[in-house]
Amino acid sequence: MRRYARHSPDRDFRHGLDELTRHRPDLAVRRFRAAVSSCPAAKAGELSRDLYWLAVALLRLDRPELAIRSLVSAQKLRPRSIARSAYEMRVNAYGMCRRSNPELDDYYAFYSIKAWAYLEAKKQGRFETNVEKDIVTRLIGDAWRALIGSGTLSGLPASRKLALFKSWPIAFPLFGLERNKHGKIVDADFRRGGKLRGDERCSCGSGLPFMRCCGRISSLRERSCE
Ligand SMILES: [Zn+2]
């Protein structure tokens with residue numbers, strides 16, 4: 001006799017596909033998410049498939065940043081799958097969602113690094129008011145224009161730009177909330193995995209450059225959905 005799980009990942013997956021063909025990506029996302037969360041981790045192939053289709057549905061919903069996050073996991077589980085080629089097609093050198101031009105790619109990488117450096121220095125780890133977010137965004141924008149104006153970025157490979165983004169100073173106000181122990185905001189290291197250069201192959205064995213793999217920069221939107 002065959003035993004059925006209480007949640008059937010496969011049934012959720014099939015329903016997800018149905019919703020997609022009916023042009024209901026919001027419902028498809030719900031189904032694929034259910035499939036992902038009930039799929040046993042040992043079934044890497046199925047999990048990768050579910051994550052890939054979740055990404056497809058998120059793209060149809062115009063949520064590219066969340067789609068990328070799903071593709072990151074899908075392609076890691078199955079490096080030679082369609083998820084890998086979809087991922088490579090959609091990410092830029094920073095492992096972020098590719099924008100309409102290279103300067104925007106640079107800007108969003110810079111913005112994410114600086115915004116997270118700010119947020120990680122706060123106990124709450126998030127923006128508490130829109131005013132706070134606006135001020136921080138404006139300061140990052142000012143710093144970005146200064147960096148562009150300095151001319152130092154031109155002709156640099158992404159890995160060198162990234163180092164520059166991280167070291168470029170911004171004096172954030174602290175909104176009277178939280179400082180780190182040394183009384184100043186530190187630039188966080190987002191490139192877990194340490195000393196690998198961005199253009200070197202990732203140590204996880206994916207075959208991708210570190211910056212497009214485990215060292216990728218996640219956007220504010222991705223992280224705030226964690
Ligand atoms: Zn990796």
# chains A, B, ... in the order shown; residues from 1 in each chain; ligands from 1
$ select_by_dssp --residues "segment 66-217 of chain A" --states "strand (DSSP E or B)" --output "PDB file with N, CA and C atoms, in the first residue's frame"
ATOM      1  N   VAL A  91      21.618  37.259 -13.976  1.00  0.00           N
ATOM      2  CA  VAL A  91      22.415  37.986 -12.986  1.00  0.00           C
ATOM      3  C   VAL A  91      23.575  38.725 -13.627  1.00  0.00           C
ATOM      4  N   CYS A  97      20.283  40.917  -9.773  1.00  0.00           N
ATOM      5  CA  CYS A  97      19.409  41.034 -10.919  1.00  0.00           C
ATOM      6  C   CYS A  97      19.992  42.014 -11.952  1.00  0.00           C
ATOM      7  N   ARG A 201      37.002  31.230  -9.098  1.00  0.00           N
ATOM      8  CA  ARG A 201      35.934  30.227  -8.988  1.00  0.00           C
ATOM      9  C   ARG A 201      35.519  30.055  -7.536  1.00  0.00           C
ATOM     10  N   PRO A 209      32.055  32.182 -10.898  1.00  0.00           N
ATOM     11  CA  PRO A 209      32.909  33.093 -10.132  1.00  0.00           C
ATOM     12  C   PRO A 209      32.300  33.351  -8.753  1.00  0.00           C
TER      13      PRO A 209
END
$ residues_near_ligand --ligand "ligand 1" --cutoff "12 Å" --atoms "only C-alpha atoms and all ligand atoms" --output "PyMOL selection string"
chain A and resi 72-73+75-77+79+95+191-194+196+198-216
$ closest_residue --among "A:Phe165, A:Phe172, A:Trp116, A:Trp144" --to "Arg223 of chain A" --atoms "only C-alpha atoms"
A:Trp116
$ closest_residue --among "A:Ala35, A:Ala28, A:Ile68, A:Leu220" --to "Arg11 of chain A" --atoms "only C-alpha atoms"
A:Ala35
$ select_by_dssp --residues "segment 70-209 of chain A" --states "alpha helix (DSSP H)" --output "PDB file with N, CA and C atoms, in the first residue's frame"
ATOM      1  N   SER A  70      15.433  32.652  -5.701  1.00  0.00           N
ATOM      2  CA  SER A  70      14.970  31.290  -5.897  1.00  0.00           C
ATOM      3  C   SER A  70      15.885  30.540  -6.886  1.00  0.00           C
ATOM      4  N   LEU A  71      16.296  31.259  -7.916  1.00  0.00           N
ATOM      5  CA  LEU A  71      17.192  30.633  -8.901  1.00  0.00           C
ATOM      6  C   LEU A  71      18.553  30.308  -8.308  1.00  0.00           C
ATOM      7  N   VAL A  72      19.021  31.146  -7.378  1.00  0.00           N
ATOM      8  CA  VAL A  72      20.308  30.882  -6.716  1.00  0.00           C
ATOM      9  C   VAL A  72      20.274  29.484  -6.107  1.00  0.00           C
ATOM     10  N   SER A  73      19.203  29.219  -5.363  1.00  0.00           N
ATOM     11  CA  SER A  73      19.109  27.914  -4.695  1.00  0.00           C
ATOM     12  C   SER A  73      18.889  26.802  -5.710  1.00  0.00           C
ATOM     13  N   ALA A  74      18.041  27.057  -6.702  1.00  0.00           N
ATOM     14  CA  ALA A  74      17.725  26.015  -7.693  1.00  0.00           C
ATOM     15  C   ALA A  74      18.988  25.572  -8.432  1.00  0.00           C
ATOM     16  N   GLN A  75      19.804  26.515  -8.854  1.00  0.00           N
ATOM     17  CA  GLN A  75      20.977  26.150  -9.650  1.00  0.00           C
ATOM     18  C   GLN A  75      22.084  25.521  -8.794  1.00  0.00           C
ATOM     19  N   LYS A  76      22.092  25.860  -7.499  1.00  0.00           N
ATOM     20  CA  LYS A  76      23.095  25.220  -6.642  1.00  0.00           C
ATOM     21  C   LYS A  76      22.779  23.743  -6.451  1.00  0.00           C
ATOM     22  N   LEU A  77      21.489  23.459  -6.394  1.00  0.00           N
ATOM     23  CA  LEU A  77      21.087  22.061  -6.228  1.00  0.00           C
ATOM     24  C   LEU A  77      21.343  21.255  -7.490  1.00  0.00           C
ATOM     25  N   ILE A  82      18.400  23.691 -16.270  1.00  0.00           N
ATOM     26  CA  ILE A  82      17.881  24.911 -16.896  1.00  0.00           C
ATOM     27  C   ILE A  82      17.935  26.077 -15.901  1.00  0.00           C
ATOM     28  N   ALA A  83      17.857  25.746 -14.605  1.00  0.00           N
ATOM     29  CA  ALA A  83      17.920  26.796 -13.575  1.00  0.00           C
ATOM     30  C   ALA A  83      19.270  27.518 -13.639  1.00  0.00           C
ATOM     31  N   ARG A  84      20.341  26.758 -13.923  1.00  0.00           N
ATOM     32  CA  ARG A  84      21.660  27.393 -14.020  1.00  0.00           C
ATOM     33  C   ARG A  84      21.701  28.371 -15.183  1.00  0.00           C
ATOM     34  N   SER A  85      21.221  27.951 -16.348  1.00  0.00           N
ATOM     35  CA  SER A  85      21.295  28.878 -17.483  1.00  0.00           C
ATOM     36  C   SER A  85      20.373  30.086 -17.273  1.00  0.00           C
ATOM     37  N   ALA A  86      19.209  29.851 -16.636  1.00  0.00           N
ATOM     38  CA  ALA A  86      18.320  30.987 -16.352  1.00  0.00           C
ATOM     39  C   ALA A  86      18.994  31.949 -15.385  1.00  0.00           C
ATOM     40  N   TYR A  87      19.692  31.376 -14.409  1.00  0.00           N
ATOM     41  CA  TYR A  87      20.396  32.216 -13.427  1.00  0.00           C
ATOM     42  C   TYR A  87      21.493  33.031 -14.106  1.00  0.00           C
ATOM     43  N   GLU A  88      22.319  32.345 -14.879  1.00  0.00           N
ATOM     44  CA  GLU A  88      23.439  33.044 -15.521  1.00  0.00           C
ATOM     45  C   GLU A  88      22.948  34.146 -16.459  1.00  0.00           C
ATOM     46  N   MET A  89      21.805  33.906 -17.071  1.00  0.00           N
ATOM     47  CA  MET A  89      21.269  34.887 -18.000  1.00  0.00           C
ATOM     48  C   MET A  89      20.774  36.136 -17.267  1.00  0.00           C
ATOM     49  N   ARG A  90      20.306  35.948 -16.056  1.00  0.00           N
ATOM     50  CA  ARG A  90      19.635  37.062 -15.387  1.00  0.00           C
ATOM     51  C   ARG A  90      20.468  37.805 -14.375  1.00  0.00           C
ATOM     52  N   PRO A 102      24.814  48.974 -17.427  1.00  0.00           N
ATOM     53  CA  PRO A 102      25.864  48.615 -16.468  1.00  0.00           C
ATOM     54  C   PRO A 102      26.001  49.600 -15.307  1.00  0.00           C
ATOM     55  N   GLU A 103      25.691  50.880 -15.576  1.00  0.00           N
ATOM     56  CA  GLU A 103      25.830  51.822 -14.463  1.00  0.00           C
ATOM     57  C   GLU A 103      24.790  51.554 -13.374  1.00  0.00           C
ATOM     58  N   LEU A 104      23.607  51.139 -13.806  1.00  0.00           N
ATOM     59  CA  LEU A 104      22.578  50.780 -12.817  1.00  0.00           C
ATOM     60  C   LEU A 104      22.998  49.525 -12.040  1.00  0.00           C
ATOM     61  N   ASP A 105      23.631  48.595 -12.727  1.00  0.00           N
ATOM     62  CA  ASP A 105      24.148  47.407 -12.028  1.00  0.00           C
ATOM     63  C   ASP A 105      25.114  47.835 -10.919  1.00  0.00           C
ATOM     64  N   ASP A 106      26.004  48.743 -11.269  1.00  0.00           N
ATOM     65  CA  ASP A 106      26.975  49.247 -10.283  1.00  0.00           C
ATOM     66  C   ASP A 106      26.256  49.965  -9.141  1.00  0.00           C
ATOM     67  N   TYR A 107      25.304  50.812  -9.522  1.00  0.00           N
ATOM     68  CA  TYR A 107      24.610  51.593  -8.493  1.00  0.00           C
ATOM     69  C   TYR A 107      23.888  50.673  -7.493  1.00  0.00           C
ATOM     70  N   TYR A 108      23.172  49.677  -8.000  1.00  0.00           N
ATOM     71  CA  TYR A 108      22.425  48.813  -7.080  1.00  0.00           C
ATOM     72  C   TYR A 108      23.352  47.977  -6.187  1.00  0.00           C
ATOM     73  N   ALA A 109      24.498  47.611  -6.720  1.00  0.00           N
ATOM     74  CA  ALA A 109      25.470  46.893  -5.885  1.00  0.00           C
ATOM     75  C   ALA A 109      25.957  47.827  -4.775  1.00  0.00           C
ATOM     76  N   PHE A 110      26.304  49.046  -5.164  1.00  0.00           N
ATOM     77  CA  PHE A 110      26.768  50.048  -4.197  1.00  0.00           C
ATOM     78  C   PHE A 110      25.687  50.324  -3.149  1.00  0.00           C
ATOM     79  N   TYR A 111      24.474  50.545  -3.632  1.00  0.00           N
ATOM     80  CA  TYR A 111      23.361  50.841  -2.727  1.00  0.00           C
ATOM     81  C   TYR A 111      23.159  49.705  -1.715  1.00  0.00           C
ATOM     82  N   SER A 112      23.137  48.468  -2.201  1.00  0.00           N
ATOM     83  CA  SER A 112      22.891  47.342  -1.295  1.00  0.00           C
ATOM     84  C   SER A 112      23.992  47.211  -0.253  1.00  0.00           C
ATOM     85  N   ILE A 113      25.230  47.353  -0.709  1.00  0.00           N
ATOM     86  CA  ILE A 113      26.354  47.243   0.226  1.00  0.00           C
ATOM     87  C   ILE A 113      26.265  48.315   1.304  1.00  0.00           C
ATOM     88  N   LYS A 114      26.004  49.540   0.886  1.00  0.00           N
ATOM     89  CA  LYS A 114      25.987  50.642   1.853  1.00  0.00           C
ATOM     90  C   LYS A 114      24.759  50.582   2.760  1.00  0.00           C
ATOM     91  N   ALA A 115      23.612  50.261   2.185  1.00  0.00           N
ATOM     92  CA  ALA A 115      22.409  50.180   3.010  1.00  0.00           C
ATOM     93  C   ALA A 115      22.565  49.077   4.058  1.00  0.00           C
ATOM     94  N   TRP A 116      23.157  47.958   3.642  1.00  0.00           N
ATOM     95  CA  TRP A 116      23.322  46.870   4.615  1.00  0.00           C
ATOM     96  C   TRP A 116      24.389  47.167   5.645  1.00  0.00           C
ATOM     97  N   ALA A 117      25.411  47.918   5.230  1.00  0.00           N
ATOM     98  CA  ALA A 117      26.418  48.329   6.214  1.00  0.00           C
ATOM     99  C   ALA A 117      25.745  49.173   7.291  1.00  0.00           C
ATOM    100  N   TYR A 118      24.845  50.042   6.852  1.00  0.00           N
ATOM    101  CA  TYR A 118      24.111  50.882   7.804  1.00  0.00           C
ATOM    102  C   TYR A 118      23.201  50.032   8.695  1.00  0.00           C
ATOM    103  N   LEU A 119      22.415  49.168   8.066  1.00  0.00           N
ATOM    104  CA  LEU A 119      21.430  48.403   8.830  1.00  0.00           C
ATOM    105  C   LEU A 119      22.079  47.410   9.795  1.00  0.00           C
ATOM    106  N   GLU A 120      23.196  46.851   9.368  1.00  0.00           N
ATOM    107  CA  GLU A 120      23.838  45.865  10.243  1.00  0.00           C
ATOM    108  C   GLU A 120      24.494  46.516  11.448  1.00  0.00           C
ATOM    109  N   ASN A 130      10.073  55.788   7.290  1.00  0.00           N
ATOM    110  CA  ASN A 130      10.378  56.157   5.909  1.00  0.00           C
ATOM    111  C   ASN A 130      11.353  57.316   5.848  1.00  0.00           C
ATOM    112  N   VAL A 131      11.261  58.195   6.839  1.00  0.00           N
ATOM    113  CA  VAL A 131      12.189  59.338   6.882  1.00  0.00           C
ATOM    114  C   VAL A 131      13.622  58.820   6.988  1.00  0.00           C
ATOM    115  N   GLU A 132      13.812  57.876   7.878  1.00  0.00           N
ATOM    116  CA  GLU A 132      15.144  57.299   8.050  1.00  0.00           C
ATOM    117  C   GLU A 132      15.625  56.681   6.735  1.00  0.00           C
ATOM    118  N   LYS A 133      14.755  55.918   6.113  1.00  0.00           N
ATOM    119  CA  LYS A 133      15.133  55.258   4.860  1.00  0.00           C
ATOM    120  C   LYS A 133      15.460  56.290   3.770  1.00  0.00           C
ATOM    121  N   ASP A 134      14.635  57.339   3.713  1.00  0.00           N
ATOM    122  CA  ASP A 134      14.863  58.385   2.708  1.00  0.00           C
ATOM    123  C   ASP A 134      16.213  59.061   2.913  1.00  0.00           C
ATOM    124  N   ILE A 135      16.524  59.361   4.167  1.00  0.00           N
ATOM    125  CA  ILE A 135      17.789  60.061   4.436  1.00  0.00           C
ATOM    126  C   ILE A 135      18.975  59.172   4.066  1.00  0.00           C
ATOM    127  N   VAL A 136      18.894  57.910   4.479  1.00  0.00           N
ATOM    128  CA  VAL A 136      19.989  56.981   4.175  1.00  0.00           C
ATOM    129  C   VAL A 136      20.122  56.815   2.656  1.00  0.00           C
ATOM    130  N   THR A 137      18.979  56.687   1.976  1.00  0.00           N
ATOM    131  CA  THR A 137      19.009  56.541   0.518  1.00  0.00           C
ATOM    132  C   THR A 137      19.615  57.773  -0.146  1.00  0.00           C
ATOM    133  N   ARG A 138      19.254  58.940   0.391  1.00  0.00           N
ATOM    134  CA  ARG A 138      19.798  60.162  -0.203  1.00  0.00           C
ATOM    135  C   ARG A 138      21.308  60.250   0.020  1.00  0.00           C
ATOM    136  N   LEU A 139      21.755  59.888   1.207  1.00  0.00           N
ATOM    137  CA  LEU A 139      23.195  59.925   1.487  1.00  0.00           C
ATOM    138  C   LEU A 139      23.949  58.950   0.584  1.00  0.00           C
ATOM    139  N   ILE A 140      23.356  57.794   0.363  1.00  0.00           N
ATOM    140  CA  ILE A 140      24.011  56.818  -0.515  1.00  0.00           C
ATOM    141  C   ILE A 140      24.057  57.376  -1.943  1.00  0.00           C
ATOM    142  N   GLY A 141      22.973  58.025  -2.345  1.00  0.00           N
ATOM    143  CA  GLY A 141      22.925  58.652  -3.672  1.00  0.00           C
ATOM    144  C   GLY A 141      23.994  59.726  -3.825  1.00  0.00           C
ATOM    145  N   ASP A 142      24.160  60.558  -2.784  1.00  0.00           N
ATOM    146  CA  ASP A 142      25.198  61.608  -2.821  1.00  0.00           C
ATOM    147  C   ASP A 142      26.586  60.983  -2.953  1.00  0.00           C
ATOM    148  N   ALA A 143      26.798  59.926  -2.145  1.00  0.00           N
ATOM    149  CA  ALA A 143      28.104  59.264  -2.174  1.00  0.00           C
ATOM    150  C   ALA A 143      28.348  58.642  -3.546  1.00  0.00           C
ATOM    151  N   TRP A 144      27.285  58.113  -4.137  1.00  0.00           N
ATOM    152  CA  TRP A 144      27.399  57.497  -5.457  1.00  0.00           C
ATOM    153  C   TRP A 144      27.814  58.531  -6.510  1.00  0.00           C
ATOM    154  N   ARG A 145      27.168  59.690  -6.444  1.00  0.00           N
ATOM    155  CA  ARG A 145      27.521  60.737  -7.413  1.00  0.00           C
ATOM    156  C   ARG A 145      28.963  61.191  -7.214  1.00  0.00           C
ATOM    157  N   ALA A 146      29.400  61.266  -5.962  1.00  0.00           N
ATOM    158  CA  ALA A 146      30.795  61.653  -5.706  1.00  0.00           C
ATOM    159  C   ALA A 146      31.746  60.601  -6.270  1.00  0.00           C
ATOM    160  N   LEU A 147      31.370  59.338  -6.082  1.00  0.00           N
ATOM    161  CA  LEU A 147      32.227  58.248  -6.582  1.00  0.00           C
ATOM    162  C   LEU A 147      32.297  58.273  -8.110  1.00  0.00           C
ATOM    163  N   ILE A 148      31.156  58.443  -8.740  1.00  0.00           N
ATOM    164  CA  ILE A 148      31.133  58.534 -10.205  1.00  0.00           C
ATOM    165  C   ILE A 148      31.956  59.740 -10.667  1.00  0.00           C
ATOM    166  N   GLY A 149      31.754  60.867  -9.965  1.00  0.00           N
ATOM    167  CA  GLY A 149      32.453  62.103 -10.316  1.00  0.00           C
ATOM    168  C   GLY A 149      33.968  61.986 -10.178  1.00  0.00           C
ATOM    169  N   SER A 150      34.402  61.108  -9.275  1.00  0.00           N
ATOM    170  CA  SER A 150      35.849  60.960  -9.055  1.00  0.00           C
ATOM    171  C   SER A 150      36.530  60.273 -10.237  1.00  0.00           C
ATOM    172  N   ALA A 158      34.551  44.354 -12.229  1.00  0.00           N
ATOM    173  CA  ALA A 158      33.575  44.387 -11.142  1.00  0.00           C
ATOM    174  C   ALA A 158      34.205  44.061  -9.782  1.00  0.00           C
ATOM    175  N   SER A 159      35.176  43.156  -9.760  1.00  0.00           N
ATOM    176  CA  SER A 159      35.754  42.780  -8.465  1.00  0.00           C
ATOM    177  C   SER A 159      36.478  43.973  -7.820  1.00  0.00           C
ATOM    178  N   ARG A 160      37.149  44.791  -8.651  1.00  0.00           N
ATOM    179  CA  ARG A 160      37.825  45.980  -8.119  1.00  0.00           C
ATOM    180  C   ARG A 160      36.802  47.048  -7.732  1.00  0.00           C
ATOM    181  N   LYS A 161      35.745  47.149  -8.528  1.00  0.00           N
ATOM    182  CA  LYS A 161      34.695  48.118  -8.184  1.00  0.00           C
ATOM    183  C   LYS A 161      34.110  47.774  -6.819  1.00  0.00           C
ATOM    184  N   LEU A 162      33.898  46.490  -6.611  1.00  0.00           N
ATOM    185  CA  LEU A 162      33.293  46.046  -5.367  1.00  0.00           C
ATOM    186  C   LEU A 162      34.147  46.464  -4.165  1.00  0.00           C
ATOM    187  N   ALA A 163      35.461  46.298  -4.295  1.00  0.00           N
ATOM    188  CA  ALA A 163      36.361  46.685  -3.208  1.00  0.00           C
ATOM    189  C   ALA A 163      36.241  48.191  -2.953  1.00  0.00           C
ATOM    190  N   LEU A 164      36.123  48.943  -4.030  1.00  0.00           N
ATOM    191  CA  LEU A 164      35.984  50.395  -3.915  1.00  0.00           C
ATOM    192  C   LEU A 164      34.645  50.767  -3.270  1.00  0.00           C
ATOM    193  N   PHE A 165      33.594  50.064  -3.671  1.00  0.00           N
ATOM    194  CA  PHE A 165      32.266  50.334  -3.088  1.00  0.00           C
ATOM    195  C   PHE A 165      32.319  50.158  -1.572  1.00  0.00           C
ATOM    196  N   LYS A 166      32.999  49.102  -1.158  1.00  0.00           N
ATOM    197  CA  LYS A 166      33.011  48.796   0.265  1.00  0.00           C
ATOM    198  C   LYS A 166      33.815  49.815   1.063  1.00  0.00           C
ATOM    199  N   SER A 167      34.875  50.331   0.438  1.00  0.00           N
ATOM    200  CA  SER A 167      35.729  51.241   1.211  1.00  0.00           C
ATOM    201  C   SER A 167      35.311  52.708   1.069  1.00  0.00           C
TER     202      SER A 167
END
$ atom_distance --atom1 "atom CA of Trp168 of chain A" --atom2 "atom CA of Gly151 of chain A"
13.2 Å
$ residues_around --residues "Ala34 of chain A" --least-positions-apart "6" --cutoff "10 Å" --atoms "only C-alpha atoms" --output "list in words"
His7, Ser8, Pro9, Asp10, Arg11, Asp12, Phe13, Gly16, Ala28, Asp50 and Leu54 of chain A
$ closest_atom_pairs --of "segment 49-115 of chain A" --to "segment 18-21 of chain A" --cutoff "10 Å" --atoms "only C-alpha atoms" --output "CSV"
residue,atom,partner,partner_atom,distance
A:Trp53,CA,A:Leu20,CA,9.5
A:Val56,CA,A:Leu20,CA,9.1
A:Ala57,CA,A:Leu20,CA,7.0
A:Arg60,CA,A:Leu20,CA,8.9
$ closest_residue --among "A:Tyr52, A:Lys43, A:Pro173, A:Thr152" --to "Lys122 of chain A" --atoms "only C-alpha atoms"
A:Pro173
